[in-house]
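**Student:** Have a look at this one.
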Amino acid sequence: MAQEYISLALKNLVIARAGGRCEYCKSPAEFATQSFTIEHILAYSKGGSGVEDNLALACGGCNAHKSDRTEAIDPLDGSTVKLFNPRLDKWNDHFEWSENFSEIIGKTPVGRAMIDTLRMNRSGLKNLRLALVSYRKHPPQQSE
Ligand SMILES: [Zn+2]
């Protein structure tokens with residue numbers, strides 16, 4: 001797949017803006033075994049460019065499952081919805097944590113469709129979240 005050059009300054013801005021966490025599943029890059037990606041919210045192959053407003057920090061898993069999708073299906077009512085856009089949408093409007101913080105729960109069709117499509121409750125992620133709770137690295141603070 002074709003890529004375009006994203007400057008180091010822009011990469012650093014995207015990482016800082018995301019608080020070093022995947023902007024979808026919120027896992028922290030500092031505890032990941034695979035490197036995170038600066039991803040195009042609207043895929044490069046679909047005309048998305050490498051401007052600040054089209055870039056997000058994503059973990060390898062979320063990025064791979066998202067691929068070049070622009071929409072997904074809500075598993076609850078079967079409706080097709082646009083993907084969550086971390087530049088336009090607020091995470092807390094669409095998602096919340098389960099009581100023990102191990103799972104992400106979708107509050108809206110967009111939230112549910114994202115969790116299903118990006119597999120945001122992968123078993124490794126759930127285990128990691130539980131472990132990180134004891135290190136006070138999870139859940140993310142409001143400012144993150
Ligand atoms: Zn992720």
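Chain identifiers are assigned as A, B, and so on, following the order in which chains appear in the structure tokens; residues are numbered from 1 within each chain, and ligands are numbered from 1 in order of appearance.
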For Asn127 of chain A, please output as a VMD selection string all residues within 12 Å (counting only C-alpha atoms; exclusion window: fewer than 2 positions along the same chain).
**Tutor:** chain A and resid 27 100 to 103 121 to 125 129 to 134 138
**Student:** Which residues are near ligand 1 in this structure, taking near to mean any atom at most 9 Å from a ligand atom and counting only C-alpha atoms and all ligand atoms? Format them as a list in words.
**Tutor:**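 Checking only C-alpha atoms and all ligand atoms against ligand 1 at 9 Å gives Arg21, Cys22, Glu23, Tyr24, Cys25, Lys26, Ser27, Pro28, Phe36, Leu57, Ala58, Cys59, Gly60, Gly61, Cys62, Asn63, Leu118, Arg119, Met120 and Leu125 of chain A.
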**Student:** Got time to write the residues from that selection, N, CA and C atoms, as a PDB file, in the first residue's frame?
**Tutor:**
```
ATOM      1  N   ARG A  21      -1.477   7.024  23.807  1.00  0.00           N
ATOM      2  CA  ARG A  21      -2.405   5.880  23.825  1.00  0.00           C
ATOM      3  C   ARG A  21      -3.060   5.704  22.467  1.00  0.00           C
ATOM      4  N   CYS A  22      -3.409   4.454  22.172  1.00  0.00           N
ATOM      5  CA  CYS A  22      -4.215   4.182  20.983  1.00  0.00           C
ATOM      6  C   CYS A  22      -5.503   4.992  21.114  1.00  0.00           C
ATOM      7  N   GLU A  23      -5.875   5.698  20.062  1.00  0.00           N
ATOM      8  CA  GLU A  23      -7.046   6.569  20.156  1.00  0.00           C
ATOM      9  C   GLU A  23      -8.362   5.797  20.022  1.00  0.00           C
ATOM     10  N   TYR A  24      -8.249   4.488  19.812  1.00  0.00           N
ATOM     11  CA  TYR A  24      -9.445   3.653  19.747  1.00  0.00           C
ATOM     12  C   TYR A  24      -9.602   2.833  21.034  1.00  0.00           C
ATOM     13  N   CYS A  25      -8.654   1.909  21.285  1.00  0.00           N
ATOM     14  CA  CYS A  25      -8.791   1.036  22.468  1.00  0.00           C
ATOM     15  C   CYS A  25      -8.143   1.625  23.711  1.00  0.00           C
ATOM     16  N   LYS A  26      -7.441   2.764  23.557  1.00  0.00           N
ATOM     17  CA  LYS A  26      -6.833   3.490  24.681  1.00  0.00           C
ATOM     18  C   LYS A  26      -5.672   2.762  25.353  1.00  0.00           C
ATOM     19  N   SER A  27      -5.131   1.738  24.713  1.00  0.00           N
ATOM     20  CA  SER A  27      -3.997   1.074  25.347  1.00  0.00           C
ATOM     21  C   SER A  27      -2.752   1.957  25.215  1.00  0.00           C
ATOM     22  N   PRO A  28      -1.899   1.950  26.245  1.00  0.00           N
ATOM     23  CA  PRO A  28      -0.719   2.814  26.243  1.00  0.00           C
ATOM     24  C   PRO A  28       0.438   2.211  25.443  1.00  0.00           C
ATOM     25  N   PHE A  36       3.279   1.200  17.656  1.00  0.00           N
ATOM     26  CA  PHE A  36       2.054   1.884  17.277  1.00  0.00           C
ATOM     27  C   PHE A  36       2.245   2.551  15.906  1.00  0.00           C
ATOM     28  N   LEU A  57      -3.228   8.197  16.455  1.00  0.00           N
ATOM     29  CA  LEU A  57      -2.309   7.182  16.956  1.00  0.00           C
ATOM     30  C   LEU A  57      -3.105   5.904  17.201  1.00  0.00           C
ATOM     31  N   ALA A  58      -2.647   4.804  16.644  1.00  0.00           N
ATOM     32  CA  ALA A  58      -3.372   3.535  16.801  1.00  0.00           C
ATOM     33  C   ALA A  58      -2.406   2.405  17.098  1.00  0.00           C
ATOM     34  N   CYS A  59      -2.859   1.475  17.931  1.00  0.00           N
ATOM     35  CA  CYS A  59      -2.049   0.288  18.196  1.00  0.00           C
ATOM     36  C   CYS A  59      -2.110  -0.616  16.955  1.00  0.00           C
ATOM     37  N   GLY A  60      -1.201  -1.559  16.883  1.00  0.00           N
ATOM     38  CA  GLY A  60      -1.137  -2.426  15.712  1.00  0.00           C
ATOM     39  C   GLY A  60      -2.425  -3.196  15.477  1.00  0.00           C
ATOM     40  N   GLY A  61      -3.036  -3.662  16.543  1.00  0.00           N
ATOM     41  CA  GLY A  61      -4.263  -4.444  16.413  1.00  0.00           C
ATOM     42  C   GLY A  61      -5.418  -3.630  15.877  1.00  0.00           C
ATOM     43  N   CYS A  62      -5.662  -2.482  16.476  1.00  0.00           N
ATOM     44  CA  CYS A  62      -6.773  -1.639  16.014  1.00  0.00           C
ATOM     45  C   CYS A  62      -6.544  -1.194  14.574  1.00  0.00           C
ATOM     46  N   ASN A  63      -5.309  -0.812  14.272  1.00  0.00           N
ATOM     47  CA  ASN A  63      -5.003  -0.345  12.929  1.00  0.00           C
ATOM     48  C   ASN A  63      -5.244  -1.445  11.892  1.00  0.00           C
ATOM     49  N   LEU A 118     -13.078  -3.395  15.247  1.00  0.00           N
ATOM     50  CA  LEU A 118     -11.662  -3.296  15.615  1.00  0.00           C
ATOM     51  C   LEU A 118     -11.284  -4.311  16.704  1.00  0.00           C
ATOM     52  N   ARG A 119     -12.263  -5.101  17.130  1.00  0.00           N
ATOM     53  CA  ARG A 119     -12.042  -6.098  18.201  1.00  0.00           C
ATOM     54  C   ARG A 119     -11.326  -5.443  19.385  1.00  0.00           C
ATOM     55  N   MET A 120     -11.964  -4.413  19.882  1.00  0.00           N
ATOM     56  CA  MET A 120     -11.351  -3.603  20.933  1.00  0.00           C
ATOM     57  C   MET A 120     -11.362  -4.280  22.299  1.00  0.00           C
ATOM     58  N   LEU A 125      -5.802  -7.628  25.264  1.00  0.00           N
ATOM     59  CA  LEU A 125      -6.067  -6.273  25.737  1.00  0.00           C
ATOM     60  C   LEU A 125      -6.769  -6.301  27.088  1.00  0.00           C
TER      61      LEU A 125
END
```
**Student:** To test your reading of the structure, identify every residue in chain A that backbone DSSP assigns to helix (DSSP H, G or I), and report it as a ChimeraX atom specification.
**Tutor:** /A:8-17,29-31,44-46,52-54,60-66,91-94,109-118,123-134
**Student:** Work out how far atom CA of Asn54 of chain A is from atom CA of Arg69 of chain A, in Å to one decimal.
**Tutor:**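 That distance, rounded to one decimal, is 13.9 Å.
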**Student:** Which parts of segment 11-140 of chain A does DSSP call strand (DSSP E) when run on the backbone here, written out as a PyMOL selection string?
**Tutor:** chain A and resi 37-40+55-58+71-73+80-82+95-97+104-106
**Student:** Please produce an output containing N, CA and C atoms for each residue in the selection, written as a PDB file, in the first residue's frame.
**Tutor:**
```
ATOM      1  N   THR A  37       1.143   2.884  15.290  1.00  0.00           N
ATOM      2  CA  THR A  37       1.177   3.478  13.959  1.00  0.00           C
ATOM      3  C   THR A  37       0.512   4.845  13.986  1.00  0.00           C
ATOM      4  N   ILE A  38       1.048   5.737  13.180  1.00  0.00           N
ATOM      5  CA  ILE A  38       0.323   6.974  12.894  1.00  0.00           C
ATOM      6  C   ILE A  38      -0.609   6.591  11.751  1.00  0.00           C
ATOM      7  N   GLU A  39      -1.893   6.500  12.040  1.00  0.00           N
ATOM      8  CA  GLU A  39      -2.784   6.008  10.993  1.00  0.00           C
ATOM      9  C   GLU A  39      -3.615   7.126  10.388  1.00  0.00           C
ATOM     10  N   HIS A  40      -4.004   6.892   9.128  1.00  0.00           N
ATOM     11  CA  HIS A  40      -4.888   7.822   8.430  1.00  0.00           C
ATOM     12  C   HIS A  40      -6.320   7.465   8.807  1.00  0.00           C
ATOM     13  N   LEU A  55      -5.030  12.334  11.045  1.00  0.00           N
ATOM     14  CA  LEU A  55      -4.089  11.367  11.620  1.00  0.00           C
ATOM     15  C   LEU A  55      -4.477  11.018  13.046  1.00  0.00           C
ATOM     16  N   ALA A  56      -4.236   9.778  13.399  1.00  0.00           N
ATOM     17  CA  ALA A  56      -4.511   9.325  14.763  1.00  0.00           C
ATOM     18  C   ALA A  56      -3.445   8.315  15.152  1.00  0.00           C
ATOM     19  N   LEU A  57      -3.228   8.197  16.455  1.00  0.00           N
ATOM     20  CA  LEU A  57      -2.309   7.182  16.956  1.00  0.00           C
ATOM     21  C   LEU A  57      -3.105   5.904  17.201  1.00  0.00           C
ATOM     22  N   ALA A  58      -2.647   4.804  16.644  1.00  0.00           N
ATOM     23  CA  ALA A  58      -3.372   3.535  16.801  1.00  0.00           C
ATOM     24  C   ALA A  58      -2.406   2.405  17.098  1.00  0.00           C
ATOM     25  N   GLU A  71     -16.854   2.663   7.353  1.00  0.00           N
ATOM     26  CA  GLU A  71     -18.078   2.417   8.109  1.00  0.00           C
ATOM     27  C   GLU A  71     -18.089   0.983   8.635  1.00  0.00           C
ATOM     28  N   ALA A  72     -18.996   0.732   9.574  1.00  0.00           N
ATOM     29  CA  ALA A  72     -19.084  -0.585  10.183  1.00  0.00           C
ATOM     30  C   ALA A  72     -20.532  -0.824  10.606  1.00  0.00           C
ATOM     31  N   ILE A  73     -20.794  -2.048  11.015  1.00  0.00           N
ATOM     32  CA  ILE A  73     -22.177  -2.421  11.344  1.00  0.00           C
ATOM     33  C   ILE A  73     -22.345  -2.565  12.852  1.00  0.00           C
ATOM     34  N   THR A  80     -25.722   0.360   9.549  1.00  0.00           N
ATOM     35  CA  THR A  80     -24.385   0.733   9.105  1.00  0.00           C
ATOM     36  C   THR A  80     -24.109   2.160   9.552  1.00  0.00           C
ATOM     37  N   VAL A  81     -22.983   2.335  10.220  1.00  0.00           N
ATOM     38  CA  VAL A  81     -22.638   3.660  10.752  1.00  0.00           C
ATOM     39  C   VAL A  81     -21.230   4.046  10.325  1.00  0.00           C
ATOM     40  N   LYS A  82     -20.974   5.346  10.346  1.00  0.00           N
ATOM     41  CA  LYS A  82     -19.620   5.824  10.087  1.00  0.00           C
ATOM     42  C   LYS A  82     -18.721   5.437  11.256  1.00  0.00           C
ATOM     43  N   PHE A  95     -18.092   5.386  24.161  1.00  0.00           N
ATOM     44  CA  PHE A  95     -17.548   4.226  24.873  1.00  0.00           C
ATOM     45  C   PHE A  95     -17.513   4.486  26.374  1.00  0.00           C
ATOM     46  N   GLU A  96     -17.552   3.395  27.118  1.00  0.00           N
ATOM     47  CA  GLU A  96     -17.277   3.473  28.560  1.00  0.00           C
ATOM     48  C   GLU A  96     -16.619   2.171  28.999  1.00  0.00           C
ATOM     49  N   TRP A  97     -16.021   2.217  30.181  1.00  0.00           N
ATOM     50  CA  TRP A  97     -15.341   1.033  30.704  1.00  0.00           C
ATOM     51  C   TRP A  97     -16.309   0.178  31.498  1.00  0.00           C
ATOM     52  N   ILE A 104     -14.296  -2.541  27.057  1.00  0.00           N
ATOM     53  CA  ILE A 104     -14.929  -1.313  26.573  1.00  0.00           C
ATOM     54  C   ILE A 104     -16.362  -1.665  26.184  1.00  0.00           C
ATOM     55  N   ILE A 105     -17.289  -0.828  26.629  1.00  0.00           N
ATOM     56  CA  ILE A 105     -18.695  -1.033  26.325  1.00  0.00           C
ATOM     57  C   ILE A 105     -19.148   0.077  25.376  1.00  0.00           C
ATOM     58  N   GLY A 106     -19.841  -0.299  24.318  1.00  0.00           N
ATOM     59  CA  GLY A 106     -20.336   0.682  23.361  1.00  0.00           C
ATOM     60  C   GLY A 106     -21.611   1.324  23.870  1.00  0.00           C
TER      61      GLY A 106
END
```
**Student:** To one decimal in Å, tell me the separation between atom CA of Glu52 of chain A and atom CA of Ser35 of chain A.
**Tutor:**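 These atoms are spaced 20.0 Å apart.
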**Student:** Taking only C-alpha atoms into account, name the residue in A:Glu30, A:Ser98, A:Asp74, A:Val51 that is nearest to Lys126 of chain A.
**Tutor:**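 For Lys126 of chain A, the nearest of the given residues is A:Ser98.
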**Student:** Would you work out the distance separating atom CA of Met114 of chain A from atom CA of His94 of chain A, expressed in Å to one decimal?
**Tutor:** 9.3 Å
**Student:** Given the choices A:Ala32, A:Asn92, A:Pro86, A:Gly50, which gets closest to Arg17 of chain A if the distance is worked out from only C-alpha atoms?
**Tutor:** A:Pro86
**Student:** Find, counting only C-alpha atoms, the residue in A:Thr108, A:Asn85, A:Ser79, A:Ile15 that gets nearest to Ala29 of chain A.
**Tutor:**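 Checking each of A:Thr108, A:Asn85, A:Ser79, A:Ile15 against Ala29 of chain A, counting only C-alpha atoms, the winner is A:Ile15.
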